[in-house]
file protein_36.pdb (PDB, C-alpha atoms and all ligand atoms)
ATOM      1  CA  MET A 596      22.463   7.771   3.494
ATOM      2  CA  CYS A 597      19.226   5.848   3.498
ATOM      3  CA  ASP A 598      17.048   8.188   5.540
ATOM      4  CA  THR A 599      14.226   9.134   3.242
ATOM      5  CA  TYR A 600      11.130  11.258   3.580
ATOM      6  CA  LEU A 601       8.413  10.348   1.116
ATOM      7  CA  ARG A 602       5.117  11.995   0.228
ATOM      8  CA  GLY A 603       1.862  10.620  -1.137
ATOM      9  CA  PRO A 604       0.010   9.801  -3.182
ATOM     10  CA  SER A 605       2.052   6.702  -4.047
ATOM     11  CA  GLY A 606       5.512   5.303  -4.615
ATOM     12  CA  VAL A 607       7.889   2.399  -4.244
ATOM     13  CA  ILE A 608      10.221   1.516  -1.367
ATOM     14  CA  THR A 609      13.003  -1.032  -1.699
ATOM     15  CA  SER A 610      15.835  -2.133   0.535
ATOM     16  CA  PRO A 611      19.220  -0.622  -0.438
ATOM     17  CA  ASN A 612      20.822  -2.178  -3.570
ATOM     18  CA  TYR A 613      17.590  -3.989  -4.479
ATOM     19  CA  PRO A 614      17.335  -6.247  -6.520
ATOM     20  CA  VAL A 615      20.866  -7.039  -5.395
ATOM     21  CA  GLN A 616      21.536  -8.143  -1.813
ATOM     22  CA  TYR A 617      21.412  -5.545   0.938
ATOM     23  CA  ASP A 618      24.442  -4.608   3.073
ATOM     24  CA  ASN A 619      25.526  -5.688   6.518
ATOM     25  CA  ASN A 620      24.892  -3.277   9.390
ATOM     26  CA  ALA A 621      22.242  -1.363   7.477
ATOM     27  CA  TYR A 622      20.089   1.152   9.324
ATOM     28  CA  CYS A 623      17.560   2.772   7.035
ATOM     29  CA  VAL A 624      14.567   4.899   7.860
ATOM     30  CA  TRP A 625      11.641   5.905   5.666
ATOM     31  CA  VAL A 626       8.830   8.195   6.726
ATOM     32  CA  ILE A 627       5.804   8.375   4.435
ATOM     33  CA  THR A 628       3.459  11.327   4.795
ATOM     34  CA  ALA A 629       0.100  11.720   3.087
ATOM     35  CA  LEU A 630      -0.011  14.636   0.658
ATOM     36  CA  ASN A 631      -2.582  16.605   2.555
ATOM     37  CA  PRO A 632      -2.223  15.949   6.266
ATOM     38  CA  ALA A 633      -3.875  19.308   7.025
ATOM     39  CA  LYS A 634      -7.127  17.589   6.170
ATOM     40  CA  VAL A 635      -6.758  15.529   9.328
ATOM     41  CA  GLY A 636      -6.605  18.557  11.578
ATOM     42  CA  LEU A 637      -9.645  20.099   9.971
ATOM     43  CA  GLN A 638     -11.516  16.859  10.384
ATOM     44  CA  GLU A 639     -10.857  16.740  14.106
ATOM     45  CA  ILE A 640     -11.929  20.341  14.619
ATOM     46  CA  TRP A 641     -15.093  19.780  12.669
ATOM     47  CA  CYS A 642     -15.946  16.691  14.711
ATOM     48  CA  LYS A 643     -15.397  18.387  18.038
ATOM     49  CA  SER A 644     -17.373  21.496  17.161
ATOM     50  CA  SER A 645     -20.342  19.593  15.832
ATOM     51  CA  GLY A 646     -20.268  17.071  18.656
ATOM     52  CA  SER A 647     -20.700  14.388  16.067
ATOM     53  CA  THR A 648     -18.706  11.229  15.694
ATOM     54  CA  LYS A 649     -19.678  10.851  12.059
ATOM     55  CA  PHE A 650     -16.929  11.413   9.570
ATOM     56  CA  ASN A 651     -18.007  13.026   6.367
ATOM     57  CA  ARG A 652     -14.509  13.608   5.117
ATOM     58  CA  ALA A 653     -12.125  10.751   4.992
ATOM     59  CA  ILE A 654      -8.819  10.676   6.824
ATOM     60  CA  PRO A 655      -5.838   9.962   4.601
ATOM     61  CA  VAL A 656      -3.839   6.917   5.710
ATOM     62  CA  ILE A 657      -0.930   5.014   4.195
ATOM     63  CA  LYS A 658      -1.337   1.549   2.702
ATOM     64  CA  LEU A 659       1.830  -0.508   2.275
ATOM     65  CA  THR A 660       1.746  -3.533  -0.042
ATOM     66  CA  PHE A 661       4.684  -5.927  -0.281
ATOM     67  CA  GLU A 662       5.741  -7.470  -3.565
ATOM     68  CA  GLU A 663       8.948  -9.201  -2.480
ATOM     69  CA  PHE A 664      10.335 -10.006   0.909
ATOM     70  CA  ASP A 665      13.555 -11.870   1.633
ATOM     71  CA  LEU A 666      15.344 -11.082   4.922
ATOM     72  CA  GLU A 667      17.561 -13.236   7.116
ATOM     73  CA  ARG A 668      15.095 -14.577   9.655
ATOM     74  CA  GLY A 669      15.531 -13.199  13.141
ATOM     75  CA  TYR A 670      18.619 -11.143  12.379
ATOM     76  CA  ASP A 671      17.584  -8.691   9.702
ATOM     77  CA  THR A 672      14.295  -6.908  10.272
ATOM     78  CA  LEU A 673      11.907  -4.383   8.820
ATOM     79  CA  THR A 674       9.879  -2.588  11.484
ATOM     80  CA  VAL A 675       6.744  -0.732  10.386
ATOM     81  CA  GLY A 676       5.087   1.857  12.592
ATOM     82  CA  ASP A 677       2.407   4.513  12.750
ATOM     83  CA  GLY A 678       3.199   8.198  12.609
ATOM     84  CA  GLY A 679       6.393  10.099  11.923
ATOM     85  CA  GLN A 680       8.612   9.076  14.878
ATOM     86  CA  ALA A 681      10.700   6.351  13.251
ATOM     87  CA  GLY A 682      11.883   3.779  15.768
ATOM     88  CA  ASP A 683       9.426   4.843  18.484
ATOM     89  CA  GLN A 684       8.557   1.567  20.250
ATOM     90  CA  LYS A 685       5.091   2.812  21.230
ATOM     91  CA  THR A 686       4.039   3.169  17.607
ATOM     92  CA  VAL A 687       5.318  -0.140  16.218
ATOM     93  CA  LEU A 688       2.738  -1.972  14.116
ATOM     94  CA  TYR A 689       4.806  -4.946  12.899
ATOM     95  CA  VAL A 690       8.348  -6.289  13.080
ATOM     96  CA  LEU A 691       8.873  -8.261   9.866
ATOM     97  CA  THR A 692      11.586 -10.807   9.140
ATOM     98  CA  GLY A 693      12.083 -14.020   7.168
ATOM     99  CA  THR A 694      11.113 -14.868   3.626
ATOM    100  CA  THR A 695       7.300 -14.837   3.604
ATOM    101  CA  VAL A 696       5.766 -11.859   1.795
ATOM    102  CA  PRO A 697       3.757 -10.045   4.525
ATOM    103  CA  ASP A 698       0.120  -8.997   4.168
ATOM    104  CA  LEU A 699      -0.549  -5.372   3.431
ATOM    105  CA  ILE A 700      -0.273  -2.887   6.281
ATOM    106  CA  VAL A 701      -2.463   0.188   6.739
ATOM    107  CA  SER A 702      -1.500   3.018   9.099
ATOM    108  CA  THR A 703      -4.052   4.576  11.427
ATOM    109  CA  ASN A 704      -3.027   8.150  10.666
ATOM    110  CA  HIS A 705      -1.495  10.195   7.858
ATOM    111  CA  GLN A 706       2.055   8.991   8.453
ATOM    112  CA  MET A 707       3.853   5.654   8.467
ATOM    113  CA  TRP A 708       7.482   4.886   9.230
ATOM    114  CA  LEU A 709       9.737   1.982   8.229
ATOM    115  CA  LEU A 710      13.039   0.978   9.797
ATOM    116  CA  PHE A 711      15.302  -1.554   8.107
ATOM    117  CA  GLN A 712      18.063  -3.028  10.265
ATOM    118  CA  THR A 713      20.560  -5.767   9.440
ATOM    119  CA  ASP A 714      23.277  -7.486  11.457
ATOM    120  CA  SER A 715      26.914  -7.996  10.485
ATOM    121  CA  VAL A 716      26.647 -11.282   8.562
ATOM    122  CA  ARG A 717      24.608 -12.882   5.768
ATOM    123  CA  ASN A 718      22.644 -10.776   3.314
ATOM    124  CA  LEU A 719      19.598 -11.733   1.301
ATOM    125  CA  LEU A 720      17.706 -10.002  -1.490
ATOM    126  CA  GLY A 721      15.732  -7.571   0.661
ATOM    127  CA  PHE A 722      12.243  -6.233   0.020
ATOM    128  CA  LYS A 723      10.140  -4.273  -2.395
ATOM    129  CA  ALA A 724       6.913  -2.581  -1.354
ATOM    130  CA  THR A 725       4.571   0.000  -2.814
ATOM    131  CA  TYR A 726       2.786   2.617  -0.775
ATOM    132  CA  GLU A 727      -0.419   4.408  -1.541
ATOM    133  CA  GLU A 728      -2.366   7.138   0.187
ATOM    134  CA  ILE A 729      -5.957   5.990   0.728
ATOM    135  CA  ASP A 730      -8.945   7.222   2.699
ATOM    136  CA  GLN A 731      -9.310   5.443   6.010
ATOM    137  CA  GLY A 732     -11.863   2.630   5.672
ATOM    138  CA  SER A 733     -11.289   2.278   1.956
ATOM    139  CA  CYS A 734      -9.137   0.277  -0.461
ATOM    140  CA  GLY A 735      -7.933   3.095  -2.697
ATOM    141  CA  ASP A 736      -8.716   3.633  -6.366
ATOM    142  CA  PRO A 737      -7.671   0.530  -8.336
ATOM    143  CA  GLY A 738      -8.063   2.394 -11.633
ATOM    144  CA  ILE A 739      -9.852   1.417 -14.833
ATOM    145  CA  PRO A 740      -8.410  -1.150 -17.247
ATOM    146  CA  ALA A 741      -7.240   0.156 -20.608
ATOM    147  CA  TYR A 742      -9.988  -0.500 -23.221
ATOM    148  CA  GLY A 743     -12.461  -1.084 -20.407
ATOM    149  CA  LYS A 744     -14.949   0.693 -18.216
ATOM    150  CA  ARG A 745     -15.949   0.515 -14.622
ATOM    151  CA  GLU A 746     -19.243   0.623 -12.777
ATOM    152  CA  GLY A 747     -18.937   2.076  -9.294
ATOM    153  CA  SER A 748     -16.707   4.893  -8.137
ATOM    154  CA  THR A 749     -16.479   4.494  -4.368
ATOM    155  CA  PHE A 750     -13.808   2.412  -2.727
ATOM    156  CA  ARG A 751     -14.982   1.959   0.852
ATOM    157  CA  HIS A 752     -15.046  -1.321   2.759
ATOM    158  CA  GLY A 753     -17.837  -3.447   1.299
ATOM    159  CA  ASP A 754     -18.071  -1.535  -1.985
ATOM    160  CA  THR A 755     -18.036  -3.550  -5.196
ATOM    161  CA  LEU A 756     -16.768  -2.483  -8.606
ATOM    162  CA  LYS A 757     -17.838  -4.047 -11.906
ATOM    163  CA  PHE A 758     -15.662  -4.039 -14.991
ATOM    164  CA  GLU A 759     -16.492  -4.434 -18.646
ATOM    165  CA  CYS A 760     -14.368  -4.338 -21.773
ATOM    166  CA  GLN A 761     -14.985  -2.540 -25.051
ATOM    167  CA  PRO A 762     -16.221  -4.630 -27.988
ATOM    168  CA  ALA A 763     -13.421  -6.661 -29.564
ATOM    169  CA  PHE A 764     -11.740  -6.979 -26.195
ATOM    170  CA  GLU A 765     -12.234  -9.698 -23.647
ATOM    171  CA  LEU A 766     -11.887  -9.475 -19.917
ATOM    172  CA  LYS A 767      -9.156 -11.443 -18.209
ATOM    173  CA  GLY A 768      -9.462 -11.707 -14.443
ATOM    174  CA  GLN A 769     -12.341 -10.923 -12.097
ATOM    175  CA  LYS A 770     -15.381  -9.077 -13.437
ATOM    176  CA  THR A 771     -16.245  -7.756  -9.988
ATOM    177  CA  ILE A 772     -14.001  -6.945  -7.060
ATOM    178  CA  THR A 773     -14.962  -6.020  -3.507
ATOM    179  CA  CYS A 774     -13.141  -3.832  -1.019
ATOM    180  CA  GLN A 775     -12.405  -5.997   2.015
ATOM    181  CA  LYS A 776     -12.090  -4.902   5.659
ATOM    182  CA  SER A 777      -8.321  -5.325   5.410
ATOM    183  CA  SER A 778      -8.340  -2.477   2.831
ATOM    184  CA  GLN A 779      -7.355  -4.974   0.160
ATOM    185  CA  TRP A 780      -9.407  -5.541  -2.987
ATOM    186  CA  SER A 781     -10.677  -9.134  -3.275
ATOM    187  CA  ALA A 782      -8.717  -9.416  -6.531
ATOM    188  CA  GLN A 783      -6.630  -7.241  -8.793
ATOM    189  CA  LYS A 784      -8.491  -5.212 -11.384
ATOM    190  CA  PRO A 785      -8.925  -7.239 -14.590
ATOM    191  CA  VAL A 786      -7.313  -6.451 -17.929
ATOM    192  CA  CYS A 787      -8.924  -6.146 -21.358
ATOM    193  CA  VAL A 788      -7.139  -8.080 -24.069
ATOM    194  CA  CYS A 789      -7.781  -8.120 -27.773
ATOM    195  CA  LYS A 790     -10.010 -11.054 -28.728
ATOM    196  CA  SER A 791      -7.970 -13.620 -30.569
ATOM    197  CA  VAL A 792      -8.782 -13.457 -34.246
ATOM    198  CA  ARG A 793      -9.063 -16.741 -36.086
ATOM    199  CA  ARG A 794      -6.807 -16.728 -39.075
ATOM    200  CA  LEU A 795      -8.777 -16.840 -42.324
ATOM    201  CA  LEU A 796      -7.589 -19.556 -44.605
TER
HETATM  202 CA    CA B 801      22.108 -10.514   8.202
END
call {"tool": "encode", "arguments": {"input": "protein_36.pdb", "output": "structure tokens"}}
result
Amino acid sequence: MCDTYLRGPSGVITSPNYPVQYDNNAYCVWVITALNPAKVGLQEIWCKSSGSTKFNRAIPVIKLTFEEFDLERGYDTLTVGDGGQAGDQKTVLYVLTGTTVPDLIVSTNHQMWLLFQTDSVRNLLGFKATYEEIDQGSCGDPGIPAYGKREGSTFRHGDTLKFECQPAFELKGQKTITCQKSSQWSAQKPVCVCKSVRRLL
């Protein structure tokens, strides 16, 4: 019942029953596919025919970001792999277990698979993760804060974005964020909040 095929551009994956404890003997598979995988094929053809190794068009990959993670260490696991062959040992990227929220994971092609397996005793809360389709070598579009504006519109490794808020709003958080090699922004995008108005006596 928990075999799920998901498409880009983004979504949420949770363990069964979340935020209530997962079941014993669970075996759940998710396969995430970028919205436009055909792009990948075209890219490869273009590269071969031009004899160039430069990539003008970006390859869509899947970025998985964990928000909560609580599995029985060593006995209940979440395996994350590259591609669409769930459970294929050759494509395993990480086997995750325990109660530490893992770092984000980025696939190397347009598909990513997840396999959640539990044993016959002791259940914990499980996990919650979000996935997002991004261009390979980028961090994905973090968006623009409400009542704010953004300078910069590219999201590749090393790119920096600057944020500003409209008059009467003040910026909470980081004014600039940089896309790191891990495909993670150096901080979350800031928010613009209404400036506190002093009460007139
Ligand atoms: Ca267990």
call {"tool": "residues_near_point", "arguments": {"input": "protein_36.pdb", "point": "(5.5, 8.2, 2.8)", "cutoff": "7 Å", "atoms": "all atoms listed in the file", "output": "ChimeraX atom specification"}}
result
/A:600-603,626-629,706-707
call {"tool": "closest_residue", "arguments": {"input": "protein_36.pdb", "among": "A:Glu746, A:Asp714, A:Glu728, A:Asp671", "to": "Ile657 in chain A", "atoms": "only C-alpha atoms"}}
result
A:Glu728
call {"tool": "closest_atom_pairs", "arguments": {"input": "protein_36.pdb", "of": "chain A", "to": "ligand CA 801 (chain B)", "cutoff": "6 Å", "atoms": "only C-alpha atoms and all ligand atoms", "output": "Markdown table"}}
result
| residue | atom | partner | partner_atom | distance |
| --- | --- | --- | --- | --- |
| A:Glu667 | CA | B:CA801 | CA | 5.4 |
| A:Tyr670 | CA | B:CA801 | CA | 5.5 |
| A:Asp671 | CA | B:CA801 | CA | 5.1 |
| A:Thr713 | CA | B:CA801 | CA | 5.1 |
| A:Asp714 | CA | B:CA801 | CA | 4.6 |
| A:Ser715 | CA | B:CA801 | CA | 5.9 |
| A:Val716 | CA | B:CA801 | CA | 4.6 |
| A:Arg717 | CA | B:CA801 | CA | 4.2 |
| A:Asn718 | CA | B:CA801 | CA | 4.9 |
call {"tool": "write_last_selection", "arguments": {"input": "protein_36.pdb", "atoms": "C-alpha atoms", "output": "short mmCIF file (atom, residue, chain, number, x, y, z; two decimals), in the coordinates of the input"}}
result
data_model
loop_
_atom_site.label_atom_id
_atom_site.label_comp_id
_atom_site.auth_asym_id
_atom_site.auth_seq_id
_atom_site.Cartn_x
_atom_site.Cartn_y
_atom_site.Cartn_z
CA GLU A 667 17.56 -13.24 7.12
CA TYR A 670 18.62 -11.14 12.38
CA ASP A 671 17.58 -8.69 9.70
CA THR A 713 20.56 -5.77 9.44
CA ASP A 714 23.28 -7.49 11.46
CA SER A 715 26.91 -8.00 10.48
CA VAL A 716 26.65 -11.28 8.56
CA ARG A 717 24.61 -12.88 5.77
CA ASN A 718 22.64 -10.78 3.31
#
call {"tool": "closest_residue", "arguments": {"input": "protein_36.pdb", "among": "A:Gln779, A:Ser748, A:Thr771, A:Gln712", "to": "Asp698 in chain A", "atoms": "all atoms listed in the file"}}
result
A:Gln779
call {"tool": "closest_residue", "arguments": {"input": "protein_36.pdb", "among": "A:Ala724, A:Val701, A:Leu709, A:Ala763", "to": "Ser791 in chain A", "atoms": "all atoms listed in the file"}}
result
A:Ala763
call {"tool": "closest_residue", "arguments": {"input": "protein_36.pdb", "among": "A:Lys757, A:Pro614, A:Gly676, A:Val656", "to": "Gly732 in chain A", "atoms": "only C-alpha atoms"}}
result
A:Val656
